[in-house]
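What follows is upload-v6.txt (compact mmCIF, C-alpha atoms).
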```txt
# COMPACT_ATOMS: atom_id res chain seq x y z
CA MET P 1 166.31 -92.33 74.63
CA VAL P 2 166.86 -88.60 74.39
CA GLU P 3 163.98 -88.27 71.94
CA GLN P 4 161.68 -90.18 74.29
CA ARG P 5 162.66 -87.90 77.16
CA SER P 6 162.03 -84.76 75.17
CA THR P 7 158.68 -86.10 74.00
CA SER P 8 157.65 -86.90 77.55
CA THR P 9 158.79 -83.43 78.68
CA GLU P 10 156.69 -81.79 75.96
CA THR P 11 153.70 -83.88 76.96
CA THR P 12 154.15 -82.91 80.58
CA ASP P 13 154.46 -79.23 79.63
CA ALA P 14 151.39 -79.41 77.45
CA SER P 15 149.34 -81.10 80.13
CA ARG P 16 150.59 -78.63 82.72
CA MET P 17 149.60 -75.77 80.45
CA GLU P 18 146.20 -77.29 79.81
CA TYR P 19 145.78 -77.66 83.53
CA LEU P 20 146.66 -74.04 84.12
CA LEU P 21 144.41 -72.93 81.27
CA GLY P 22 141.62 -74.89 82.93
CA ALA P 23 142.35 -73.08 86.17
CA LEU P 24 142.18 -69.73 84.42
CA ARG P 25 138.95 -70.82 82.75
CA SER P 26 137.38 -71.45 86.12
CA LEU P 27 138.41 -67.92 87.10
CA SER P 28 136.42 -66.65 84.15
CA GLN P 29 133.21 -67.93 85.69
CA GLN P 30 132.97 -65.05 88.14
CA ASP P 31 130.30 -62.46 87.61
CA PRO P 32 131.11 -58.84 86.86
CA PRO P 33 130.30 -56.41 89.68
CA PRO P 34 126.56 -55.94 90.35
CA ALA P 35 126.94 -52.17 90.10
CA LEU P 36 127.46 -52.61 86.38
CA ARG P 37 124.07 -54.22 86.00
CA GLU P 38 122.48 -51.45 88.01
CA ARG P 39 124.06 -48.80 85.78
CA LEU P 40 122.85 -50.58 82.68
CA ARG P 41 119.39 -50.96 84.15
CA LEU P 42 119.20 -47.21 84.69
CA LEU P 43 120.53 -46.53 81.22
CA SER P 44 118.04 -48.87 79.64
CA TYR P 45 115.26 -47.26 81.64
CA GLN P 46 116.31 -43.83 80.39
CA ARG P 47 116.66 -44.85 76.79
CA LEU P 48 113.94 -47.40 76.30
CA ARG P 49 111.17 -46.62 78.68
CA ALA P 50 111.34 -43.08 79.98
CA GLY P 51 111.17 -39.97 77.88
CA VAL P 52 110.44 -39.45 74.27
CA GLU P 53 111.07 -41.84 71.47
CA PRO P 54 114.74 -41.60 70.56
CA GLY P 55 113.96 -40.87 66.93
CA ALA P 56 111.69 -38.07 67.97
CA ARG P 57 114.32 -36.82 70.40
CA ALA P 58 116.89 -36.76 67.63
CA GLY P 59 114.44 -34.87 65.45
CA PHE P 60 113.81 -32.45 68.26
CA ARG P 61 117.53 -31.88 68.63
CA SER P 62 118.00 -31.50 64.91
CA TRP P 63 115.54 -28.61 64.67
CA LEU P 64 116.33 -27.17 68.09
CA ARG P 65 119.87 -26.21 67.15
CA PRO P 66 119.05 -24.18 64.00
CA ALA P 67 116.14 -22.58 65.81
CA PHE P 68 118.45 -21.53 68.60
CA VAL P 69 120.94 -20.10 66.11
CA VAL P 70 118.21 -18.18 64.30
CA ALA P 71 116.90 -16.80 67.57
CA LEU P 72 120.39 -15.75 68.60
CA LEU P 73 120.98 -14.01 65.27
CA ALA P 74 117.65 -12.25 65.58
CA VAL P 75 118.55 -10.97 69.04
CA ILE P 76 121.97 -9.79 67.85
CA GLY P 77 120.40 -8.03 64.85
CA PHE P 78 117.80 -6.36 67.05
CA ILE P 79 120.47 -5.13 69.44
CA ALA P 80 122.56 -3.81 66.54
CA VAL P 81 119.59 -1.94 65.11
CA ARG P 82 118.76 -0.50 68.51
CA VAL P 83 122.33 0.66 69.07
CA ALA P 84 122.50 2.26 65.63
CA HIS P 85 119.20 3.96 66.27
CA LEU P 86 120.44 5.19 69.62
CA TYR P 87 123.54 6.64 68.02
CA ARG P 88 121.50 8.33 65.38
CA SER P 89 119.04 9.89 67.80
CA GLU P 90 121.67 10.81 70.35
CA PRO P 91 121.68 14.56 70.96
CA LEU P 92 124.64 16.25 69.40
CA ARG P 93 127.21 16.47 72.11
CA ALA P 94 129.30 19.13 70.57
CA GLY P 95 126.32 21.07 69.36
CA ILE P 96 128.11 21.70 66.15
CA GLU P 97 130.06 19.55 63.82
CA LEU P 98 133.28 21.00 62.59
CA ARG P 99 134.30 19.16 59.52
CA VAL P 100 137.97 18.59 59.21
CA ALA P 101 139.77 19.93 56.28
CA PRO P 102 143.35 18.98 55.66
CA PRO P 103 145.29 21.37 57.85
CA LYS P 104 146.97 24.07 55.92
CA GLU P 105 150.55 24.95 56.40
CA PRO P 106 151.02 27.62 59.05
CA SER P 107 153.04 29.61 56.55
CA SER P 108 149.85 30.35 54.69
CA VAL P 109 148.55 32.58 57.44
CA GLY P 110 146.96 35.65 56.07
CA SER P 111 146.92 34.37 52.55
CA ALA P 112 143.85 33.57 50.53
CA ALA P 113 144.03 29.97 51.65
CA VAL P 114 142.89 30.81 55.19
CA PRO P 115 139.92 28.62 55.95
CA VAL P 116 136.57 30.18 56.35
CA VAL P 117 134.08 29.52 59.13
CA ARG P 118 130.75 28.65 57.79
CA GLY P 119 127.56 28.48 59.65
CA ALA P 120 126.97 25.59 61.99
CA GLU P 121 126.15 22.61 59.86
CA VAL P 122 125.49 19.24 61.40
CA LYS P 123 126.66 16.47 59.15
CA SER P 124 127.14 13.57 61.42
CA THR P 125 126.23 12.39 64.86
CA ARG P 126 129.69 11.09 65.67
CA PRO P 127 131.89 14.02 66.50
CA ARG P 128 134.50 11.75 68.07
CA HIS P 129 135.30 10.13 64.79
CA SER P 130 135.90 13.39 63.05
CA LEU P 131 138.39 14.67 65.62
CA PRO P 132 142.07 14.31 65.01
CA SER P 133 144.10 12.34 67.45
CA LEU P 134 145.53 15.40 69.12
CA ALA P 135 142.16 16.40 70.43
CA GLN P 136 142.01 14.43 73.60
CA ASN P 137 139.00 15.69 75.45
CA THR P 138 135.71 16.73 74.05
CA THR P 139 133.19 17.67 76.62
CA ALA P 140 129.79 19.08 75.89
CA ARG P 141 130.01 22.52 74.35
CA ARG P 142 133.77 22.65 74.62
CA MET P 143 136.71 21.34 72.71
CA VAL P 144 139.94 20.92 74.63
CA VAL P 145 143.42 20.28 73.32
CA SER P 146 146.28 19.58 75.69
CA LEU P 147 149.42 21.37 74.80
CA PRO P 148 152.25 19.08 73.79
CA TYR P 149 154.71 20.23 76.43
CA SER P 150 152.25 19.88 79.29
CA ASN P 151 152.15 16.86 81.48
CA SER P 152 148.59 15.90 82.15
CA ALA P 153 149.69 13.43 84.79
CA ILE P 154 150.66 16.26 87.10
CA ASP P 155 147.71 17.71 88.85
CA THR P 156 148.41 21.36 89.47
CA GLY P 157 145.40 21.93 91.66
CA THR P 158 144.78 25.25 90.00
CA ASP P 159 142.15 26.03 87.48
CA ALA P 160 143.32 29.42 86.28
CA THR P 161 142.04 30.17 82.83
CA ILE P 162 142.77 33.12 80.64
CA ARG P 163 140.44 34.12 77.90
CA VAL P 164 142.35 34.74 74.73
CA SER P 165 141.61 35.15 71.08
CA MET P 166 143.48 33.07 68.60
CA SER P 167 143.70 33.06 64.88
CA GLN P 168 142.01 30.24 63.14
CA THR P 169 145.18 29.05 61.49
CA GLU P 170 146.85 28.77 64.87
CA LEU P 171 144.00 26.66 66.11
CA VAL P 172 144.19 24.49 63.03
CA SER P 173 147.91 24.05 63.52
CA LEU P 174 147.26 22.99 67.11
CA GLY P 175 144.92 20.32 65.81
CA PHE P 176 141.53 21.90 66.25
CA PRO P 177 139.34 20.57 63.51
CA MET P 178 137.90 23.39 61.54
CA ASN P 179 137.61 23.91 57.88
CA ALA P 180 135.34 26.86 57.71
CA THR P 181 136.44 30.24 58.84
CA LEU P 182 135.55 33.74 58.09
CA HIS P 183 138.04 36.31 57.01
CA ASP P 184 139.37 38.68 59.64
CA ARG P 185 137.93 36.76 62.49
CA ARG P 186 139.68 35.40 65.56
CA VAL P 187 138.32 32.69 67.77
CA LEU P 188 137.87 33.16 71.47
CA ALA P 189 139.52 30.44 73.49
CA GLU P 190 140.43 29.70 77.07
CA LEU P 191 143.98 28.99 78.12
CA THR P 192 144.37 26.86 81.23
CA LEU P 193 147.45 27.60 83.26
CA GLY P 194 149.26 25.36 85.65
CA ASP P 195 150.62 26.60 88.97
CA ASP P 196 154.03 26.66 87.34
CA GLY P 197 152.71 29.38 85.09
CA LEU P 198 152.93 27.28 81.96
CA PRO P 199 149.84 26.82 79.80
CA ARG P 200 148.41 23.32 79.96
CA SER P 201 145.63 23.26 77.49
CA ILE P 202 143.51 25.33 75.21
CA SER P 203 139.79 24.91 75.13
CA VAL P 204 137.45 26.35 72.62
CA PRO P 205 133.84 26.83 73.63
CA LEU P 206 131.26 25.67 71.15
CA PRO P 207 129.73 27.17 69.18
CA LEU P 208 132.72 29.22 68.17
CA GLU P 209 132.85 32.73 69.38
CA LEU P 210 134.43 34.90 66.76
CA VAL P 211 135.79 38.38 67.17
CA LYS P 212 136.93 40.67 64.46
CA GLU P 213 140.66 40.75 63.95
CA ARG P 214 142.33 43.98 64.64
CA LYS P 215 144.47 45.39 61.94
CA MET U 1 112.57 -85.53 49.67
CA LEU U 2 110.50 -86.47 52.63
CA TRP U 3 113.60 -86.33 54.79
CA SER U 4 114.43 -82.81 53.74
CA ARG U 5 110.85 -81.66 54.31
CA ALA U 6 110.87 -83.22 57.72
CA GLY U 7 114.17 -81.56 58.44
CA ASN U 8 112.88 -78.16 57.38
CA ARG U 9 109.76 -78.54 59.44
CA LYS U 10 111.79 -79.51 62.43
CA LYS U 11 114.08 -76.53 61.94
CA THR U 12 111.16 -74.12 61.69
CA SER U 13 109.56 -75.37 64.87
CA LYS U 14 112.93 -75.19 66.57
CA ASP U 15 113.34 -71.55 65.46
CA ASN U 16 109.99 -70.65 66.93
CA ALA U 17 110.89 -72.23 70.22
CA ASP U 18 114.42 -70.84 70.26
CA PRO U 19 114.67 -68.57 73.30
CA GLU U 20 117.43 -66.54 71.66
CA ALA U 21 115.27 -65.77 68.63
CA GLN U 22 112.48 -64.75 70.97
CA LEU U 23 114.89 -62.56 72.88
CA VAL U 24 115.96 -60.89 69.66
CA GLU U 25 112.35 -60.26 68.77
CA ARG U 26 111.74 -58.69 72.15
CA LEU U 27 114.81 -56.54 71.77
CA LYS U 28 113.53 -55.33 68.44
CA GLN U 29 110.35 -54.32 70.20
CA ARG U 30 112.39 -52.22 72.64
CA ASP U 31 111.58 -54.41 75.57
CA GLU U 32 113.58 -53.27 78.60
CA PRO U 33 113.49 -56.57 80.54
CA ALA U 34 114.75 -58.26 77.38
CA PHE U 35 117.80 -56.05 77.46
CA LEU U 36 118.51 -56.98 81.08
CA GLU U 37 117.98 -60.63 80.18
CA LEU U 38 120.53 -60.25 77.42
CA TYR U 39 122.95 -58.81 79.93
CA ASP U 40 122.31 -61.58 82.43
CA ARG U 41 122.88 -64.23 79.83
CA HIS U 42 126.09 -62.97 78.34
CA ARG U 43 127.66 -60.77 80.98
CA ARG U 44 130.31 -63.26 82.01
CA SER U 45 131.59 -64.11 78.58
CA VAL U 46 131.75 -60.46 77.52
CA TYR U 47 133.32 -59.30 80.76
CA TRP U 48 135.96 -62.01 80.95
CA PHE U 49 136.75 -61.76 77.29
CA LEU U 50 137.51 -58.10 77.88
CA VAL U 51 139.49 -58.82 81.05
CA HIS U 52 141.65 -61.27 79.14
CA MET U 53 142.02 -58.97 76.17
CA THR U 54 142.87 -55.84 78.14
CA GLY U 55 144.48 -57.31 81.25
CA SER U 56 142.66 -54.76 83.37
CA VAL U 57 139.58 -55.36 85.47
CA ALA U 58 138.64 -51.67 85.60
CA LEU U 59 139.00 -51.22 81.87
CA ALA U 60 137.06 -54.41 81.25
CA GLU U 61 134.20 -53.07 83.36
CA ASP U 62 134.11 -49.87 81.36
CA LEU U 63 134.24 -51.67 78.07
CA THR U 64 131.57 -54.17 79.13
CA GLN U 65 129.33 -51.25 79.84
CA GLY U 66 130.32 -49.84 76.46
CA VAL U 67 129.28 -53.06 74.73
CA PHE U 68 125.83 -53.06 76.28
CA VAL U 69 125.42 -49.33 75.76
CA ALA U 70 126.19 -49.93 72.09
CA ILE U 71 123.41 -52.52 72.06
CA LEU U 72 121.10 -50.03 73.74
CA GLU U 73 121.90 -47.49 71.05
CA LYS U 74 121.19 -50.04 68.37
CA ILE U 75 117.87 -50.79 69.98
CA SER U 76 117.05 -47.10 70.33
CA SER U 77 118.01 -46.22 66.79
CA GLY U 78 116.36 -49.31 65.35
CA THR U 79 119.52 -50.74 63.78
CA ILE U 80 119.04 -53.88 65.87
CA GLU U 81 116.43 -54.75 63.25
CA GLN U 82 119.28 -55.65 60.94
CA PHE U 83 120.45 -58.37 63.27
CA ASP U 84 119.55 -61.77 61.88
CA SER U 85 119.58 -64.47 64.52
CA GLY U 86 119.76 -67.06 61.75
CA LYS U 87 123.20 -65.83 60.75
CA GLY U 88 124.85 -65.87 64.13
CA ALA U 89 124.36 -65.98 67.85
CA LEU U 90 123.81 -62.96 70.03
CA GLU U 91 126.83 -63.87 72.09
CA GLY U 92 129.00 -63.77 68.99
CA TYR U 93 127.50 -60.41 68.13
CA LEU U 94 128.31 -59.05 71.59
CA LEU U 95 131.81 -60.49 71.55
CA GLY U 96 132.36 -58.94 68.14
CA ILE U 97 131.48 -55.54 69.57
CA ALA U 98 133.68 -56.24 72.60
CA ARG U 99 136.56 -57.19 70.33
CA ASN U 100 136.25 -53.97 68.36
CA LEU U 101 136.07 -51.88 71.53
CA ALA U 102 139.13 -53.60 72.99
CA ARG U 103 141.06 -53.01 69.78
CA GLU U 104 139.99 -49.41 69.64
CA GLU U 105 140.98 -48.87 73.24
CA ARG U 106 144.37 -50.41 72.67
CA ARG U 107 144.92 -48.30 69.57
CA LYS U 108 143.76 -45.18 71.35
CA THR U 109 145.76 -45.44 74.53
CA TYR U 110 148.59 -47.78 73.57
CA ARG U 111 148.08 -49.01 77.05
CA PHE U 112 149.87 -52.17 77.94
CA ALA U 113 148.03 -54.69 80.00
CA SER U 114 148.73 -54.22 83.67
CA LEU U 115 148.71 -57.57 85.30
CA GLU U 116 148.55 -56.07 88.72
CA SER U 117 145.02 -54.91 88.29
CA VAL U 118 143.96 -58.47 87.53
CA PHE U 119 145.96 -60.10 90.26
CA GLU U 120 144.99 -57.56 92.86
CA ALA U 121 141.30 -57.97 92.19
CA PRO U 122 139.35 -59.64 95.00
CA GLU U 123 138.02 -62.14 92.47
CA TRP U 124 141.55 -63.36 91.94
CA GLU U 125 142.06 -63.98 95.67
CA ARG U 126 138.79 -65.85 95.90
CA PHE U 127 139.72 -67.86 92.89
CA LEU U 128 143.09 -68.80 94.36
CA ASP U 129 141.45 -69.91 97.60
CA LYS U 130 139.06 -72.04 95.62
CA PHE U 131 141.87 -73.37 93.49
CA CYS U 132 143.90 -74.38 96.55
CA ALA U 133 140.90 -75.95 98.21
CA GLU U 134 140.18 -78.03 95.13
CA ASN U 135 143.77 -79.19 94.91
CA GLN U 136 144.18 -79.80 98.63
CA THR U 137 147.17 -77.51 98.72
CA GLN U 138 147.03 -75.72 101.99
CA ASP U 139 150.72 -75.00 102.39
CA ALA U 140 152.00 -71.59 101.45
CA GLU U 141 154.76 -72.86 99.21
CA THR U 142 152.42 -74.73 96.88
CA LEU U 143 150.06 -71.81 96.89
CA LEU U 144 152.84 -69.46 95.88
CA ALA U 145 154.06 -71.84 93.19
CA ALA U 146 150.55 -72.16 91.75
CA GLN U 147 150.08 -68.42 91.87
CA SER U 148 153.42 -67.89 90.19
CA ASP U 149 152.60 -70.38 87.42
CA LEU U 150 149.24 -68.81 86.82
CA LYS U 151 150.73 -65.35 86.68
CA LEU U 152 153.33 -66.59 84.27
CA LEU U 153 150.73 -68.14 82.03
CA TYR U 154 148.54 -65.11 82.20
CA SER U 155 151.34 -62.73 81.34
CA ALA U 156 152.31 -65.04 78.48
CA ILE U 157 148.74 -64.89 77.19
CA LEU U 158 148.73 -61.12 77.41
CA ASP U 159 152.03 -61.01 75.54
CA LEU U 160 150.64 -62.97 72.62
CA PRO U 161 149.91 -61.13 69.39
CA GLN U 162 146.29 -60.09 69.16
CA PRO U 163 144.98 -62.78 66.77
CA TYR U 164 146.52 -65.57 68.83
CA ARG U 165 145.34 -64.07 72.07
CA GLU U 166 141.78 -63.72 70.80
CA THR U 167 141.84 -67.33 69.67
CA ILE U 168 143.20 -68.77 72.90
CA VAL U 169 140.86 -66.65 75.01
CA LEU U 170 137.82 -67.74 73.03
CA CYS U 171 138.75 -71.40 72.51
CA SER U 172 140.62 -72.28 75.67
CA LEU U 173 139.35 -69.88 78.31
CA GLN U 174 135.78 -69.47 77.12
CA GLU U 175 135.38 -72.93 75.59
CA LYS U 176 133.92 -71.75 72.33
CA SER U 177 133.86 -74.15 69.42
CA TYR U 178 135.96 -73.54 66.34
CA GLN U 179 132.82 -72.61 64.48
CA GLN U 180 131.75 -70.03 67.06
CA THR U 181 135.24 -68.60 67.27
CA ALA U 182 135.47 -68.40 63.50
CA ALA U 183 132.15 -66.53 63.41
CA ILE U 184 133.32 -64.07 66.04
CA LEU U 185 136.76 -63.52 64.53
CA GLN U 186 135.36 -63.55 61.00
CA CYS U 187 137.78 -66.10 59.68
CA SER U 188 137.66 -69.76 58.70
CA GLU U 189 137.66 -72.64 61.14
CA GLY U 190 140.99 -73.79 59.70
CA THR U 191 142.51 -70.43 60.57
CA VAL U 192 141.17 -70.73 64.09
CA ALA U 193 142.69 -74.20 64.48
CA SER U 194 146.07 -73.14 63.20
CA ARG U 195 146.08 -70.00 65.33
CA LEU U 196 145.20 -72.03 68.39
CA ASN U 197 148.04 -74.47 67.80
CA ARG U 198 150.46 -71.66 67.19
CA ALA U 199 149.27 -69.80 70.29
CA LYS U 200 149.75 -72.87 72.46
CA ALA U 201 153.22 -73.39 71.07
CA LEU U 202 154.10 -69.79 71.84
CA LEU U 203 152.71 -70.14 75.35
CA ALA U 204 154.68 -73.30 75.96
CA ALA U 205 157.84 -71.60 74.78
CA LYS U 206 157.20 -68.62 77.04
CA MET U 207 156.45 -70.88 79.98
CA GLN U 208 159.65 -72.83 79.44
CA ALA U 209 161.87 -69.79 79.10
CA PRO U 210 161.54 -68.55 82.73
CA ALA U 211 161.96 -72.13 83.97
CA ALA U 212 165.21 -72.40 82.04
CA ASP U 213 166.28 -69.06 83.50
CA LYS U 214 165.57 -70.38 86.99
CA VAL U 215 167.70 -73.49 86.33
CA LYS U 216 170.53 -71.32 85.03
CA THR U 217 170.33 -69.05 88.05
CA SER U 218 170.39 -71.95 90.52
CA ALA U 219 173.31 -73.63 88.66
CA GLY U 220 175.27 -70.40 88.56
```
File written out as structure tokens:
Amino acid sequence: MVEQRSTSTETTDASRMEYLLGALRSLSQQDPPPALRERLRLLSYQRLRAGVEPGARAGFRSWLRPAFVVALLAVIGFIAVRVAHLYRSEPLRAGIELRVAPPKEPSSVGSAAVPVVRGAEVKSTRPRHSLPSLAQNTTARRMVVSLPYSNSAIDTGTDATIRVSMSQTELVSLGFPMNATLHDRRVLAELTLGDDGLPRSISVPLPLELVKERK
Amino acid sequence: MLWSRAGNRKKTSKDNADPEAQLVERLKQRDEPAFLELYDRHRRSVYWFLVHMTGSVALAEDLTQGVFVAILEKISSGTIEQFDSGKGALEGYLLGIARNLAREERRKTYRFASLESVFEAPEWERFLDKFCAENQTQDAETLLAAQSDLKLLYSAILDLPQPYRETIVLCSLQEKSYQQTAAILQCSEGTVASRLNRAKALLAAKMQAPAADKVKTSAG
């Protein structure tokens, strides 16, 4: 009796499930939205009818990319060559190149190791690269070194300069790049004073103006 | 001998007259109306297969488009030439693509089927109206009970493991034969039959479980 009941329950469940599956099946007869067909129609138009053959388009793309890269490289190379050429033909800002020798110890002042100024000899077109880090400003025809105890952030409003002569070793010790000096010669320089009376910077006009050292 | 010759002749003439073979030929020739004809013929089965497999109407729309775009790409690139209509039907081919896309989507997003998107779709409302009209159930209680049962069944289908779900969707909801289902799922007909039985058993168990819960709740 119990077995019969369970069998009949299973049959009822199965038929109920089949019925519901049938109901779901009838749901599956609805059409997808018409917009989907329209989108596909446009896509098929683009891909099948309009434009170039897809194979040809792929070929076009395949050679277009390397061609673009080559063109880009060519432009970059051209610009690099132009810039290098510009640097090379740029007029010498400083007018003279002072080659940097390793600065001698200040104790060697007056000894035989004092550097000697040679005639103006242009070696390179990039004076900035040959300057030591202490040299902060190089304007045309002038080399300026701020003094370490000065504060460049404070604008004194004065432009008092004193013309002085300095020994070449002093200039070297201050960071002025020079490797060639003449014996018994001092270099004319300009000392800029602040309104507090303290010197702010030393500038050396180029080409160097040398005066004979007094004994 | 004569019988076999006659059979072959008959088969050949049938192939020539087969509209599907002609459609395939037109597709191979990059015929745009043929593509739209393909869509019109198989849109429902692809779309509803994807709805049942993903449980989301919006996702099914996207993936249906993906299926037909894949066909467009095959036509454009010429790989549609490899399709042999003698080996299988176009519908099976499309459903195979749809199956792969649904799997890929599931793997990619780990998205669980959201029943709400199906049940909130206007198609569902229309279907329920139709269902109630057919069954002469105008009262709200019967309507709610039917809706509840259908939701239960649908969620049970979506909970089935993938092979069982594919089988029940193709055999029970799309009325494909075992042979067609086996071709789409790339397995034997025996496997399809056993999967279908197993899927129905699982569904029955899932349908009974909430009913038993209801009885327990009312008794308690």
Inset, instruction - Pick out the residues sitting within 10 Å of Ala160 of chain P, and hand them over as a list in words; count all atoms listed in the file, and ignore anything fewer than 3 positions along from it in its own chain. - result: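 Near neighbours after the sequence-gap exclusion: Gly157, Glu190, Leu191, Thr192, Leu193, Gly194, Asp195, Gly197 and Pro199 of chain P.
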Inset, instruction - With a cut-off of 9 Å and counting all atoms listed in the file, select all residues of chain P in contact with chain U and give the selection as a PyMOL selection string. - result: chain P and resi 10+13-14+17-18+20-33+36-37+39-41+43-45+47-49+53-55
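Put simply, atom CA of Arg141 of chain P is 5.8 Å away from atom CA of Pro205 of chain P.
In this structure, atom CA of Lys206 of chain U sits 25.1 Å away from atom CA of Ala140 of chain U.
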Six-sided padding of 5 Å per side, axis-aligned box over segment 197-214 of chain P, centre and edges in Å, one decimal, as lines of an AutoDock Vina configuration file:
```
center_x = 141.3
center_y = 33.6
center_z = 74.5
size_x = 33.2
size_y = 30.7
size_z = 31.1
```
Legend entry - Shell around Gln179 of chain U at 7 Å using all atoms listed in the file, local window under 3 positions removed, as a list in words: Ala182, Ala183 and Glu189 of chain U
Legend entry - Test item: residues at most 12 Å from Asn100 of chain U, all atoms listed in the file, excluding those fewer than 3 positions along its chain, as a list of chain:residue names: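 In the requested format, the answer is U:Phe49, U:Leu50, U:Met53, U:Thr54, U:Leu63, U:Thr64, U:Gly66, U:Val67, U:Ala70, U:Tyr93, U:Leu94, U:Leu95, U:Gly96, U:Ile97, U:Arg103, U:Glu104, U:Glu105, U:Arg106, U:Arg107, U:Lys108, U:Gln162, U:Glu166, U:Ile184, U:Leu185.
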Inset, instruction - Name the residues in contact with Tyr164 of chain U at a cut-off of 10 Å, using all atoms listed in the file, excluding same-chain residues fewer than 3 positions from it; report them as number ranges by chain. - result: U: 157-161, 167-170, 192, 194-200, 202
Selection from above, C-alpha atoms, as an mmCIF file, keeping the file's coordinate frame, can you write it?
```cif
data_model
loop_
_atom_site.group_PDB
_atom_site.id
_atom_site.type_symbol
_atom_site.label_atom_id
_atom_site.label_comp_id
_atom_site.auth_asym_id
_atom_site.auth_seq_id
_atom_site.Cartn_x
_atom_site.Cartn_y
_atom_site.Cartn_z
ATOM 1 C CA ILE U 157 148.740 -64.890 77.190
ATOM 2 C CA LEU U 158 148.730 -61.120 77.410
ATOM 3 C CA ASP U 159 152.030 -61.010 75.540
ATOM 4 C CA LEU U 160 150.640 -62.970 72.620
ATOM 5 C CA PRO U 161 149.910 -61.130 69.390
ATOM 6 C CA THR U 167 141.840 -67.330 69.670
ATOM 7 C CA ILE U 168 143.200 -68.770 72.900
ATOM 8 C CA VAL U 169 140.860 -66.650 75.010
ATOM 9 C CA LEU U 170 137.820 -67.740 73.030
ATOM 10 C CA VAL U 192 141.170 -70.730 64.090
ATOM 11 C CA SER U 194 146.070 -73.140 63.200
ATOM 12 C CA ARG U 195 146.080 -70.000 65.330
ATOM 13 C CA LEU U 196 145.200 -72.030 68.390
ATOM 14 C CA ASN U 197 148.040 -74.470 67.800
ATOM 15 C CA ARG U 198 150.460 -71.660 67.190
ATOM 16 C CA ALA U 199 149.270 -69.800 70.290
ATOM 17 C CA LYS U 200 149.750 -72.870 72.460
ATOM 18 C CA LEU U 202 154.100 -69.790 71.840
#
```
Inset, instruction - Please indicate the distance in Å from atom CA of Ser146 of chain P to atom CA of Ile202 of chain P, rounded to one decimal place. - result: 6.4 Å
